[in-house]
Amino acid sequence: MTRLDELTIRSLGVIDEARVPFGAGFTAITGETGAGKTMVVQALALLRGERADAGVIRSGEDRAAVQGVWLVDDADAVAQVEDAGGVVDDGELILGRALSRGPDGAARSRAQAGGAAVPAGVLRGLADRLVAVHGQADQQRLRSADAQAAALDRAAGEPLRELLLEYRAEHAAWTDARETAQRIRSAHDARAAEADALRNELEELEAFDPQPGEQDALATLAHRLEHAEGLRMQLAEAHAALASDDDAPDAVTLAGHARKLVERASSDDASLGEAHEMLVQADALLQEASASIVRALDDLDRPERSLDEVQQRRADLSGLERRLGRPLDEALEAAPLAALRLAELAGDDDELARLDAEEASRLEAATAIADRLSVVRQAAARSLEQAVATELAALAMPNARLHVEVAMTEHLTADGHDRVTMLLAPHPGAEPRPVQKGASGGELSRIMLAIEVALSAGELADQSVPTMVFDEVDAGVGGAAAIEIGRRLAQLAQHCQVIVVTHLAQVAAFAESHVRVEKGSDGRITASSVSEVTGDDRLAELARMLSGTASDTALAHARELLEDARAVG
(Lines give C-alpha, C1' and ligand atoms only; values in the text may rest on other atoms or scores of the structure.)
Protein backbone atom coordinates (compact mmCIF):
# COMPACT_ATOMS: atom_id res chain seq x y z
CA MET A 1 0.00 0.00 0.00
CA THR A 2 1.33 3.46 -0.90
CA ARG A 3 1.56 5.70 2.16
CA LEU A 4 3.47 8.52 3.84
CA ASP A 5 6.04 7.04 6.23
CA GLU A 6 7.61 10.11 7.81
CA LEU A 7 7.95 13.85 7.49
CA THR A 8 11.02 15.91 8.40
CA ILE A 9 10.62 19.64 9.06
CA ARG A 10 13.35 22.23 9.57
CA SER A 11 12.85 25.93 10.41
CA LEU A 12 9.21 26.01 9.37
CA GLY A 13 7.03 28.35 11.42
CA VAL A 14 7.50 27.66 15.13
CA ILE A 15 9.08 24.27 14.44
CA ASP A 16 12.87 24.36 14.60
CA GLU A 17 13.48 20.74 13.68
CA ALA A 18 11.17 17.73 13.87
CA ARG A 19 10.66 14.28 12.52
CA VAL A 20 7.03 13.19 12.30
CA PRO A 21 6.33 9.46 11.94
CA PHE A 22 3.07 8.20 10.45
CA GLY A 23 1.39 4.84 10.80
CA ALA A 24 -0.32 2.97 8.01
CA GLY A 25 -3.80 3.65 9.38
CA PHE A 26 -5.14 6.57 11.44
CA THR A 27 -2.61 9.07 12.84
CA ALA A 28 -3.79 11.95 15.05
CA ILE A 29 -1.75 15.14 15.41
CA THR A 30 -2.57 17.19 18.50
CA GLY A 31 -1.16 20.09 20.51
CA GLU A 32 -2.11 23.34 22.13
CA THR A 33 -3.35 26.22 20.04
CA GLY A 34 -0.38 27.94 18.43
CA ALA A 35 1.94 24.99 19.00
CA GLY A 36 2.37 24.50 15.24
CA LYS A 37 0.08 21.61 14.38
CA THR A 38 -0.85 23.21 11.09
CA MET A 39 2.85 23.39 10.15
CA VAL A 40 2.56 19.68 9.44
CA VAL A 41 -0.18 20.46 6.94
CA GLN A 42 1.88 23.38 5.60
CA ALA A 43 4.85 21.04 5.12
CA LEU A 44 2.68 18.65 3.14
CA ALA A 45 1.37 21.56 1.08
CA LEU A 46 4.94 22.43 0.12
CA LEU A 47 5.62 18.81 -0.83
CA ARG A 48 2.48 18.94 -2.93
CA GLY A 49 4.11 21.70 -5.00
CA GLU A 50 1.88 24.48 -3.71
CA ARG A 51 3.01 28.12 -3.75
CA ALA A 52 5.94 28.91 -1.45
CA ASP A 53 5.70 31.87 0.94
CA ALA A 54 8.73 33.28 2.72
CA GLY A 55 6.45 34.05 5.67
CA VAL A 56 6.50 30.37 6.75
CA ILE A 57 10.29 30.42 7.27
CA ARG A 58 11.07 30.42 10.98
CA SER A 59 11.83 33.85 12.45
CA GLY A 60 15.57 34.49 12.55
CA GLU A 61 16.29 31.90 9.85
CA ASP A 62 16.94 32.38 6.16
CA ARG A 63 16.07 28.87 5.04
CA ALA A 64 13.45 26.19 5.67
CA ALA A 65 13.22 22.65 4.38
CA VAL A 66 10.74 19.79 4.40
CA GLN A 67 11.22 16.19 3.34
CA GLY A 68 8.70 13.40 3.03
CA VAL A 69 9.35 9.70 2.73
CA TRP A 70 6.69 7.66 0.96
CA LEU A 71 6.48 3.91 0.67
CA VAL A 72 5.27 3.51 -2.90
CA ASP A 73 3.78 0.59 -4.81
CA ASP A 74 2.15 2.80 -7.47
CA ALA A 75 3.83 2.04 -10.81
CA ASP A 76 2.56 5.25 -12.39
CA ALA A 77 3.97 7.38 -9.55
CA VAL A 78 7.32 5.58 -9.86
CA ALA A 79 7.28 6.22 -13.63
CA GLN A 80 6.62 9.94 -13.06
CA VAL A 81 9.63 10.18 -10.74
CA GLU A 82 11.90 8.25 -13.10
CA ASP A 83 10.78 10.36 -16.07
CA ALA A 84 11.88 13.41 -14.07
CA GLY A 85 15.30 11.86 -13.50
CA GLY A 86 14.70 10.63 -9.94
CA VAL A 87 15.04 7.20 -8.37
CA VAL A 88 12.64 5.17 -6.22
CA ASP A 89 14.88 2.84 -4.20
CA ASP A 90 13.22 -0.38 -2.96
CA GLY A 91 9.80 1.26 -3.04
CA GLU A 92 10.97 4.29 -1.01
CA LEU A 93 10.29 7.70 -2.56
CA ILE A 94 11.81 10.85 -1.05
CA LEU A 95 10.30 14.23 -1.91
CA GLY A 96 11.87 17.48 -0.74
CA ARG A 97 11.31 21.23 -0.85
CA ALA A 98 13.72 23.92 0.32
CA LEU A 99 12.79 27.59 0.83
CA SER A 100 15.03 30.60 1.20
CA ARG A 101 14.51 34.34 1.46
CA GLY A 102 15.65 36.29 -1.56
CA PRO A 103 17.16 39.80 -1.38
CA ASP A 104 13.70 41.22 -2.09
CA GLY A 105 12.14 39.20 0.73
CA ALA A 106 10.31 36.86 -1.66
CA ALA A 107 10.62 33.10 -1.33
CA ARG A 108 13.04 31.12 -3.45
CA SER A 109 12.10 27.47 -3.81
CA ARG A 110 13.87 24.27 -4.88
CA ALA A 111 12.14 20.92 -5.21
CA GLN A 112 13.48 17.37 -5.35
CA ALA A 113 11.93 14.03 -6.24
CA GLY A 114 13.88 10.82 -5.84
CA GLY A 115 17.15 12.74 -5.45
CA ALA A 116 16.70 14.78 -8.64
CA ALA A 117 16.06 18.51 -8.81
CA VAL A 118 12.63 19.01 -10.39
CA PRO A 119 10.15 21.83 -11.03
CA ALA A 120 7.44 22.25 -8.41
CA GLY A 121 5.00 21.13 -11.09
CA VAL A 122 6.41 17.58 -10.84
CA LEU A 123 5.49 17.57 -7.14
CA ARG A 124 1.99 18.74 -8.03
CA GLY A 125 1.63 15.88 -10.50
CA LEU A 126 2.78 13.36 -7.89
CA ALA A 127 0.55 14.87 -5.20
CA ASP A 128 -2.54 14.07 -7.24
CA ARG A 129 -1.60 10.38 -6.87
CA LEU A 130 -0.22 10.40 -3.34
CA VAL A 131 -2.12 12.66 -0.93
CA ALA A 132 -5.26 14.75 -0.59
CA VAL A 133 -5.45 17.52 2.00
CA HIS A 134 -8.80 18.56 3.47
CA GLY A 135 -8.52 21.71 5.52
CA GLN A 136 -10.74 24.63 6.39
CA ALA A 137 -10.13 26.04 2.92
CA ASP A 138 -11.06 22.68 1.41
CA GLN A 139 -14.32 22.69 3.34
CA GLN A 140 -15.01 26.09 1.83
CA ARG A 141 -14.30 24.64 -1.61
CA LEU A 142 -17.15 22.22 -1.06
CA ARG A 143 -19.31 25.30 -1.44
CA SER A 144 -18.21 25.63 -5.08
CA ALA A 145 -20.06 23.98 -7.96
CA ASP A 146 -16.80 22.58 -9.37
CA ALA A 147 -15.92 20.81 -6.11
CA GLN A 148 -19.42 19.36 -5.86
CA ALA A 149 -19.27 18.10 -9.44
CA ALA A 150 -15.83 16.59 -8.79
CA ALA A 151 -17.14 14.74 -5.74
CA LEU A 152 -20.02 13.29 -7.74
CA ASP A 153 -17.69 12.21 -10.55
CA ARG A 154 -15.50 10.43 -8.00
CA ALA A 155 -18.60 8.65 -6.79
CA ALA A 156 -19.42 7.58 -10.35
CA GLY A 157 -16.00 5.92 -10.52
CA GLU A 158 -14.28 4.22 -13.44
CA PRO A 159 -17.35 3.89 -15.75
CA LEU A 160 -17.72 7.67 -15.80
CA ARG A 161 -13.97 8.27 -16.17
CA GLU A 162 -13.82 6.07 -19.27
CA LEU A 163 -16.90 7.69 -20.75
CA LEU A 164 -15.53 11.14 -19.92
CA LEU A 165 -12.35 10.43 -21.89
CA GLU A 166 -14.43 9.45 -24.90
CA TYR A 167 -16.58 12.55 -24.50
CA ARG A 168 -13.63 14.93 -24.19
CA ALA A 169 -12.13 13.62 -27.42
CA GLU A 170 -15.39 14.35 -29.28
CA HIS A 171 -15.80 17.68 -27.49
CA ALA A 172 -12.28 18.73 -28.48
CA ALA A 173 -12.91 17.75 -32.12
CA TRP A 174 -16.20 19.68 -32.13
CA THR A 175 -14.56 22.74 -30.57
CA ASP A 176 -11.72 22.62 -33.06
CA ALA A 177 -14.07 22.46 -36.07
CA ARG A 178 -16.20 25.27 -34.66
CA GLU A 179 -13.25 27.54 -33.90
CA THR A 180 -11.65 26.91 -37.30
CA ALA A 181 -14.90 27.81 -39.06
CA GLN A 182 -15.23 30.92 -36.89
CA ARG A 183 -11.70 32.02 -37.80
CA ILE A 184 -12.45 31.63 -41.51
CA ARG A 185 -15.74 33.49 -41.18
CA SER A 186 -14.20 36.30 -39.12
CA ALA A 187 -11.64 36.85 -41.87
CA HIS A 188 -14.16 36.31 -44.65
CA ASP A 189 -14.49 39.98 -45.69
CA ALA A 190 -10.76 40.50 -45.82
CA ARG A 191 -10.24 37.24 -47.69
CA ALA A 192 -13.09 38.08 -50.10
CA ALA A 193 -11.56 41.50 -50.80
CA GLU A 194 -8.18 39.87 -51.40
CA ALA A 195 -9.79 37.36 -53.76
CA ASP A 196 -11.56 40.14 -55.70
CA ALA A 197 -8.32 42.09 -56.07
CA LEU A 198 -6.42 39.03 -57.28
CA ARG A 199 -9.22 38.05 -59.65
CA ASN A 200 -9.39 41.56 -61.17
CA GLU A 201 -5.63 41.67 -61.60
CA LEU A 202 -5.48 38.28 -63.29
CA GLU A 203 -8.45 39.11 -65.55
CA GLU A 204 -6.85 42.39 -66.67
CA LEU A 205 -3.55 40.69 -67.32
CA GLU A 206 -5.34 38.08 -69.38
CA ALA A 207 -7.33 40.72 -71.29
CA PHE A 208 -4.30 42.87 -72.23
CA ASP A 209 -1.85 39.97 -72.42
CA PRO A 210 1.27 42.10 -71.82
CA GLN A 211 4.59 40.41 -72.53
CA PRO A 212 7.75 40.67 -70.46
CA GLY A 213 9.78 43.70 -71.68
CA GLU A 214 6.99 44.79 -74.05
CA GLN A 215 6.89 48.37 -72.78
CA ASP A 216 10.58 48.93 -73.47
CA ALA A 217 10.21 47.39 -76.93
CA LEU A 218 7.23 49.62 -77.69
CA ALA A 219 9.12 52.71 -76.54
CA THR A 220 11.97 51.84 -78.88
CA LEU A 221 9.55 51.22 -81.79
CA ALA A 222 7.64 54.45 -81.16
CA HIS A 223 10.86 56.44 -81.16
CA ARG A 224 11.84 54.85 -84.48
CA LEU A 225 8.48 55.56 -86.10
CA GLU A 226 8.50 59.13 -84.85
CA HIS A 227 11.90 59.69 -86.53
CA ALA A 228 11.18 57.63 -89.68
CA GLU A 229 11.85 60.39 -92.24
CA GLY A 230 15.23 61.34 -90.88
CA LEU A 231 16.14 57.67 -90.50
CA ARG A 232 15.11 57.00 -94.10
CA MET A 233 17.39 59.78 -95.40
CA GLN A 234 20.31 58.68 -93.29
CA LEU A 235 19.90 55.03 -94.23
CA ALA A 236 19.55 55.84 -97.95
CA GLU A 237 22.76 57.86 -97.84
CA ALA A 238 24.50 55.10 -95.90
CA HIS A 239 23.32 52.50 -98.43
CA ALA A 240 24.56 54.65 -101.34
CA ALA A 241 27.95 54.84 -99.67
CA LEU A 242 28.06 51.09 -99.34
CA ALA A 243 26.47 50.01 -102.62
CA SER A 244 25.67 52.79 -105.10
CA ASP A 245 23.39 52.16 -108.05
CA ASP A 246 25.30 54.63 -110.26
CA ASP A 247 28.90 54.63 -111.45
CA ALA A 248 30.25 56.41 -108.35
CA PRO A 249 32.65 54.26 -106.36
CA ASP A 250 31.12 52.67 -103.24
CA ALA A 251 32.51 50.76 -100.27
CA VAL A 252 31.40 47.34 -101.48
CA THR A 253 32.87 47.83 -104.96
CA LEU A 254 36.13 49.26 -103.65
CA ALA A 255 36.51 46.52 -101.02
CA GLY A 256 35.84 43.89 -103.68
CA HIS A 257 38.38 45.43 -106.04
CA ALA A 258 41.00 45.57 -103.26
CA ARG A 259 40.33 41.95 -102.35
CA LYS A 260 40.95 40.84 -105.95
CA LEU A 261 44.17 42.84 -106.22
CA VAL A 262 45.58 41.47 -102.98
CA GLU A 263 44.52 37.98 -103.97
CA ARG A 264 46.59 38.20 -107.16
CA ALA A 265 49.52 39.76 -105.34
CA SER A 266 49.52 37.08 -102.64
CA SER A 267 50.62 34.58 -105.24
CA ASP A 268 53.94 36.45 -105.38
CA ASP A 269 54.05 37.43 -101.67
CA ALA A 270 52.79 34.87 -99.20
CA SER A 271 52.82 37.44 -96.38
CA LEU A 272 49.71 39.07 -97.94
CA GLY A 273 47.56 36.07 -97.03
CA GLU A 274 46.44 37.65 -93.75
CA ALA A 275 45.50 40.90 -95.51
CA HIS A 276 43.58 38.97 -98.10
CA GLU A 277 41.61 37.11 -95.43
CA MET A 278 40.67 40.36 -93.70
CA LEU A 279 39.51 41.87 -97.00
CA VAL A 280 37.38 38.79 -97.66
CA GLN A 281 35.73 39.30 -94.24
CA ALA A 282 35.36 43.04 -94.82
CA ASP A 283 33.72 42.42 -98.19
CA ALA A 284 31.23 40.00 -96.61
CA LEU A 285 30.47 42.35 -93.70
CA LEU A 286 29.95 45.32 -96.01
CA GLN A 287 27.51 43.33 -98.12
CA GLU A 288 25.67 42.14 -95.01
CA ALA A 289 25.49 45.69 -93.64
CA SER A 290 24.12 46.88 -96.98
CA ALA A 291 21.43 44.18 -96.87
CA SER A 292 20.49 45.14 -93.28
CA ILE A 293 20.12 48.78 -94.30
CA VAL A 294 17.86 47.72 -97.18
CA ARG A 295 15.70 45.72 -94.80
CA ALA A 296 15.52 48.66 -92.40
CA LEU A 297 14.45 50.92 -95.24
CA ASP A 298 11.78 48.40 -96.22
CA ASP A 299 10.52 48.35 -92.59
CA LEU A 300 10.31 52.12 -92.60
CA ASP A 301 8.40 52.11 -95.84
CA ARG A 302 6.06 49.26 -94.81
CA PRO A 303 5.87 49.13 -90.91
CA GLU A 304 3.91 46.23 -89.32
CA ARG A 305 2.26 48.67 -86.86
CA SER A 306 1.49 52.28 -87.30
CA LEU A 307 2.68 54.90 -84.87
CA ASP A 308 -0.92 55.41 -83.70
CA GLU A 309 -1.27 51.71 -82.93
CA VAL A 310 1.98 51.65 -80.99
CA GLN A 311 1.12 54.75 -78.99
CA GLN A 312 -2.34 53.35 -78.19
CA ARG A 313 -0.80 50.07 -76.94
CA ARG A 314 1.64 51.99 -74.80
CA ALA A 315 -1.21 54.05 -73.34
CA ASP A 316 -3.21 50.88 -72.63
CA LEU A 317 -0.30 49.22 -70.84
CA SER A 318 0.48 52.37 -68.82
CA GLY A 319 -3.15 52.54 -67.69
CA LEU A 320 -3.04 48.87 -66.71
CA GLU A 321 0.14 49.46 -64.73
CA ARG A 322 -1.48 52.35 -62.84
CA ARG A 323 -4.53 50.23 -61.98
CA LEU A 324 -2.37 47.39 -60.73
CA GLY A 325 -0.27 49.76 -58.65
CA ARG A 326 3.01 48.13 -59.57
CA PRO A 327 5.27 47.55 -62.62
CA LEU A 328 3.82 45.19 -65.22
CA ASP A 329 6.88 42.94 -65.22
CA GLU A 330 6.47 42.50 -61.43
CA ALA A 331 2.77 41.65 -61.84
CA LEU A 332 3.56 39.15 -64.61
CA GLU A 333 6.18 37.48 -62.42
CA ALA A 334 3.72 37.22 -59.51
CA ALA A 335 0.80 35.98 -61.63
CA PRO A 336 1.39 32.21 -61.10
CA LEU A 337 1.45 32.60 -57.29
CA ALA A 338 -1.56 34.93 -57.44
CA ALA A 339 -3.50 32.24 -59.32
CA LEU A 340 -2.62 29.67 -56.65
CA ARG A 341 -3.64 32.06 -53.85
CA LEU A 342 -6.93 32.81 -55.62
CA ALA A 343 -7.64 29.07 -55.84
CA GLU A 344 -6.93 28.77 -52.12
CA LEU A 345 -9.24 31.66 -51.24
CA ALA A 346 -11.92 30.36 -53.57
CA GLY A 347 -11.85 27.14 -51.52
CA ASP A 348 -13.12 28.91 -48.37
CA ASP A 349 -16.74 28.15 -49.17
CA ASP A 350 -15.99 24.47 -49.65
CA GLU A 351 -13.90 24.36 -46.47
CA LEU A 352 -16.64 26.14 -44.50
CA ALA A 353 -19.21 23.68 -45.77
CA ARG A 354 -16.97 20.80 -44.74
CA LEU A 355 -16.29 22.30 -41.30
CA ASP A 356 -19.98 23.06 -40.75
CA ALA A 357 -20.81 19.45 -41.55
CA GLU A 358 -18.04 18.20 -39.26
CA GLU A 359 -19.11 20.58 -36.49
CA ALA A 360 -22.69 19.34 -36.69
CA SER A 361 -21.56 15.72 -36.71
CA ARG A 362 -19.17 16.19 -33.78
CA LEU A 363 -21.76 18.14 -31.81
CA GLU A 364 -24.28 15.37 -32.29
CA ALA A 365 -21.75 12.75 -31.16
CA ALA A 366 -20.59 14.82 -28.16
CA THR A 367 -24.19 15.51 -27.12
CA ALA A 368 -25.04 11.81 -27.29
CA ILE A 369 -22.11 10.97 -25.00
CA ALA A 370 -22.99 13.89 -22.71
CA ASP A 371 -26.47 12.41 -22.38
CA ARG A 372 -24.88 9.12 -21.34
CA LEU A 373 -22.73 10.98 -18.81
CA SER A 374 -25.89 12.49 -17.36
CA VAL A 375 -27.42 9.05 -16.93
CA VAL A 376 -24.30 7.78 -15.14
CA ARG A 377 -24.21 10.88 -12.91
CA GLN A 378 -27.90 10.59 -12.07
CA ALA A 379 -27.36 7.01 -10.90
CA ALA A 380 -24.22 7.98 -8.98
CA ALA A 381 -26.10 10.88 -7.36
CA ARG A 382 -28.74 8.52 -5.95
CA SER A 383 -26.07 6.14 -4.65
CA LEU A 384 -24.08 8.98 -3.11
CA GLU A 385 -27.20 10.40 -1.42
CA GLN A 386 -27.92 7.05 0.22
CA ALA A 387 -24.34 6.47 1.32
CA VAL A 388 -23.97 10.00 2.73
CA ALA A 389 -27.32 9.73 4.52
CA THR A 390 -26.00 6.70 6.39
CA GLU A 391 -22.84 8.56 7.34
CA LEU A 392 -24.68 11.73 8.40
CA ALA A 393 -26.87 9.69 10.69
CA ALA A 394 -23.75 8.39 12.40
CA LEU A 395 -22.32 11.93 12.57
CA ALA A 396 -25.14 13.26 14.76
CA MET A 397 -27.12 14.56 11.78
CA PRO A 398 -29.71 11.74 11.64
CA ASN A 399 -32.45 13.82 10.09
CA ALA A 400 -30.31 15.63 7.55
CA ARG A 401 -30.46 14.66 3.91
CA LEU A 402 -28.02 15.53 1.18
CA HIS A 403 -29.65 15.93 -2.21
CA VAL A 404 -27.43 15.80 -5.28
CA GLU A 405 -29.16 17.52 -8.17
CA VAL A 406 -27.95 16.86 -11.71
CA ALA A 407 -29.51 19.29 -14.17
CA MET A 408 -28.80 19.44 -17.88
CA THR A 409 -27.73 22.81 -19.26
CA GLU A 410 -27.92 24.12 -22.81
CA HIS A 411 -24.19 24.35 -23.31
CA LEU A 412 -21.52 21.70 -23.57
CA THR A 413 -18.41 22.07 -21.43
CA ALA A 414 -15.30 19.92 -21.16
CA ASP A 415 -17.19 17.76 -18.63
CA GLY A 416 -20.54 17.43 -20.38
CA HIS A 417 -23.71 19.47 -20.04
CA ASP A 418 -24.55 18.80 -16.38
CA ARG A 419 -24.80 21.29 -13.55
CA VAL A 420 -24.27 19.54 -10.21
CA THR A 421 -25.70 21.12 -7.07
CA MET A 422 -25.53 19.66 -3.57
CA LEU A 423 -28.43 20.68 -1.37
CA LEU A 424 -28.91 20.07 2.34
CA ALA A 425 -32.25 19.49 4.05
CA PRO A 426 -31.33 19.72 7.79
CA HIS A 427 -34.56 18.02 8.94
CA PRO A 428 -37.70 16.41 7.48
CA GLY A 429 -40.01 18.89 5.84
CA ALA A 430 -37.27 21.49 5.37
CA GLU A 431 -36.75 22.83 1.88
CA PRO A 432 -33.37 21.61 0.57
CA ARG A 433 -30.98 24.52 0.16
CA PRO A 434 -27.59 24.64 -1.56
CA VAL A 435 -24.91 23.66 0.95
CA GLN A 436 -23.09 26.92 0.28
CA LYS A 437 -26.12 28.74 1.68
CA GLY A 438 -27.68 26.32 4.12
CA ALA A 439 -24.79 24.58 5.90
CA SER A 440 -22.74 25.87 8.81
CA GLY A 441 -19.00 25.32 9.08
CA GLY A 442 -19.48 22.32 11.35
CA GLU A 443 -22.11 20.82 9.05
CA LEU A 444 -19.81 21.32 6.06
CA SER A 445 -17.07 19.48 7.93
CA ARG A 446 -19.32 16.53 8.60
CA ILE A 447 -20.76 16.52 5.07
CA MET A 448 -17.24 16.51 3.65
CA LEU A 449 -16.20 13.67 5.95
CA ALA A 450 -19.39 11.74 5.14
CA ILE A 451 -18.63 12.09 1.42
CA GLU A 452 -15.03 10.93 1.88
CA VAL A 453 -16.07 7.91 3.94
CA ALA A 454 -18.80 7.07 1.41
CA LEU A 455 -16.30 7.33 -1.42
CA SER A 456 -13.76 5.12 0.35
CA ALA A 457 -15.84 1.99 0.84
CA GLY A 458 -18.60 -0.09 -0.66
CA GLU A 459 -19.98 0.43 -4.14
CA LEU A 460 -18.61 3.97 -4.32
CA ALA A 461 -15.05 2.98 -3.39
CA ASP A 462 -12.52 5.40 -4.83
CA GLN A 463 -8.88 4.41 -4.35
CA SER A 464 -7.29 7.19 -6.37
CA VAL A 465 -5.51 8.82 -3.38
CA PRO A 466 -3.87 6.54 -0.77
CA THR A 467 -3.33 9.23 1.92
CA MET A 468 -5.94 11.69 3.19
CA VAL A 469 -5.08 14.57 5.50
CA PHE A 470 -7.80 16.35 7.50
CA ASP A 471 -6.97 19.67 9.14
CA GLU A 472 -9.46 20.24 11.98
CA VAL A 473 -12.31 18.49 10.19
CA ASP A 474 -13.98 18.45 13.63
CA ALA A 475 -14.17 22.27 13.81
CA GLY A 476 -17.52 23.39 15.18
CA VAL A 477 -18.58 20.03 16.61
CA GLY A 478 -18.20 18.23 19.92
CA GLY A 479 -19.68 15.59 22.19
CA ALA A 480 -21.36 12.65 20.51
CA ALA A 481 -20.77 14.14 17.05
CA ALA A 482 -17.03 14.29 17.72
CA ILE A 483 -17.03 10.60 18.73
CA GLU A 484 -18.78 9.70 15.51
CA ILE A 485 -16.30 11.76 13.52
CA GLY A 486 -13.50 9.83 15.17
CA ARG A 487 -15.20 6.53 14.41
CA ARG A 488 -15.77 7.52 10.77
CA LEU A 489 -12.15 8.56 10.38
CA ALA A 490 -11.11 5.20 11.80
CA GLN A 491 -13.42 3.50 9.32
CA LEU A 492 -11.88 5.53 6.51
CA ALA A 493 -8.43 4.44 7.71
CA GLN A 494 -9.34 0.83 6.92
CA HIS A 495 -9.15 1.74 3.24
CA CYS A 496 -6.40 4.38 3.15
CA GLN A 497 -3.93 6.22 5.34
CA VAL A 498 -5.60 8.97 7.37
CA ILE A 499 -3.78 11.85 9.05
CA VAL A 500 -5.87 14.19 11.20
CA VAL A 501 -4.96 17.48 12.87
CA THR A 502 -7.48 17.72 15.71
CA HIS A 503 -8.16 19.53 18.97
CA LEU A 504 -10.74 16.99 20.16
CA ALA A 505 -9.77 14.07 22.37
CA GLN A 506 -12.89 12.22 21.18
CA VAL A 507 -11.39 12.16 17.68
CA ALA A 508 -7.77 11.53 18.67
CA ALA A 509 -8.79 8.53 20.80
CA PHE A 510 -9.68 6.56 17.66
CA ALA A 511 -6.21 6.99 16.15
CA GLU A 512 -3.83 4.04 15.91
CA SER A 513 -0.84 6.36 16.32
CA HIS A 514 -0.71 9.73 18.06
CA VAL A 515 1.74 12.60 17.41
CA ARG A 516 1.96 15.60 19.75
CA VAL A 517 3.24 19.05 18.82
CA GLU A 518 4.46 20.82 21.96
CA LYS A 519 5.56 24.43 22.26
CA GLY A 520 8.48 25.33 24.49
CA SER A 521 10.54 28.43 25.31
CA ASP A 522 13.85 29.21 26.97
CA GLY A 523 12.76 32.75 27.64
CA ARG A 524 14.31 34.04 24.44
CA ILE A 525 13.23 31.70 21.67
CA THR A 526 9.96 29.83 21.28
CA ALA A 527 10.16 26.50 19.48
CA SER A 528 7.89 23.51 19.07
CA SER A 529 8.89 19.87 19.24
CA VAL A 530 7.09 16.94 17.65
CA SER A 531 7.02 13.47 19.15
CA GLU A 532 4.97 10.31 19.02
CA VAL A 533 3.12 9.65 22.28
CA THR A 534 2.16 6.23 23.56
CA GLY A 535 1.01 4.68 26.81
CA ASP A 536 0.84 7.08 29.74
CA ASP A 537 2.09 9.99 27.65
CA ARG A 538 -0.84 9.54 25.31
CA LEU A 539 -3.26 9.35 28.23
CA ALA A 540 -1.81 12.59 29.55
CA GLU A 541 -2.21 14.29 26.19
CA LEU A 542 -5.83 13.16 25.87
CA ALA A 543 -6.47 14.34 29.43
CA ARG A 544 -5.01 17.75 28.58
CA MET A 545 -7.26 17.95 25.53
CA LEU A 546 -10.29 17.07 27.66
CA SER A 547 -9.77 19.38 30.63
CA GLY A 548 -6.54 21.30 30.21
CA THR A 549 -4.80 19.32 32.99
CA ALA A 550 -3.65 15.78 33.66
CA SER A 551 -5.66 15.42 36.86
CA ASP A 552 -6.72 11.99 38.06
CA THR A 553 -10.25 12.70 36.90
CA ALA A 554 -9.08 13.82 33.46
CA LEU A 555 -6.78 10.78 33.18
CA ALA A 556 -9.63 8.47 34.10
CA HIS A 557 -11.84 10.12 31.53
CA ALA A 558 -9.08 9.79 28.91
CA ARG A 559 -8.59 6.10 29.75
CA GLU A 560 -12.33 5.51 29.45
CA LEU A 561 -12.36 7.37 26.12
CA LEU A 562 -9.56 5.17 24.76
CA GLU A 563 -11.25 2.00 25.90
CA ASP A 564 -14.56 3.08 24.37
CA ALA A 565 -12.82 3.98 21.12
CA ARG A 566 -11.17 0.55 20.95
CA ALA A 567 -14.48 -1.11 21.75
CA VAL A 568 -16.54 0.67 19.11
CA GLY A 569 -13.75 1.16 16.55
# chains A, B, ... in the order shown; residues from 1 in each chain; ligands from 1

call {"tool": "residues_around", "arguments": {"residues": "Glu288 of chain A", "least_positions_apart": "6", "cutoff": "12 Å", "atoms": "only C-alpha atoms", "output": "PyMOL selection string"}}
result
chain A and resi 239+242-243+252+281-282+294-295

call {"tool": "residues_around", "arguments": {"residues": "Gly121 of chain A", "least_positions_apart": "5", "cutoff": "9 Å", "atoms": "only C-alpha atoms", "output": "PyMOL selection string"}}
result
chain A and resi 48-50+126

call {"tool": "atom_distance", "arguments": {"atom1": "atom CA of Leu300 of chain A", "atom2": "atom CA of Arg232 of chain A"}}
result
7.0 Å

call {"tool": "residues_around", "arguments": {"residues": "Val69 of chain A", "least_positions_apart": "5", "cutoff": "6 Å", "atoms": "only C-alpha atoms", "output": "list in words"}}
result
Asp5, Glu6, Leu93 and Ile94 of chain A

call {"tool": "closest_atom_pairs", "arguments": {"of": "segment 360-471 of chain A", "to": "segment 167-184 of chain A", "cutoff": "10 Å", "atoms": "only C-alpha atoms", "output": "Markdown table"}}
result
| residue | atom | partner | partner_atom | distance |
| --- | --- | --- | --- | --- |
| A:Ala360 | CA | A:Trp174 | CA | 7.9 |
| A:Ser361 | CA | A:Trp174 | CA | 8.1 |
| A:Arg362 | CA | A:Trp174 | CA | 4.9 |
| A:Leu363 | CA | A:Trp174 | CA | 5.8 |
| A:Glu364 | CA | A:Trp174 | CA | 9.2 |
| A:Ala365 | CA | A:Glu170 | CA | 6.8 |
| A:Ala366 | CA | A:Glu170 | CA | 5.3 |
| A:Thr367 | CA | A:Tyr167 | CA | 8.6 |
| A:Ala368 | CA | A:Tyr167 | CA | 8.9 |
| A:Ile369 | CA | A:Tyr167 | CA | 5.8 |
| A:Ala370 | CA | A:Tyr167 | CA | 6.8 |
| A:Arg372 | CA | A:Tyr167 | CA | 9.5 |
| A:Leu373 | CA | A:Tyr167 | CA | 8.5 |
| A:Leu412 | CA | A:His171 | CA | 8.0 |
| A:Thr413 | CA | A:His171 | CA | 7.9 |
| A:Ala414 | CA | A:Arg168 | CA | 6.1 |
| A:Asp415 | CA | A:Arg168 | CA | 7.2 |
| A:Gly416 | CA | A:Tyr167 | CA | 7.5 |

call {"tool": "atom_distance", "arguments": {"atom1": "atom CA of Gly213 of chain A", "atom2": "atom CA of Ser290 of chain A"}}
result
29.3 Å
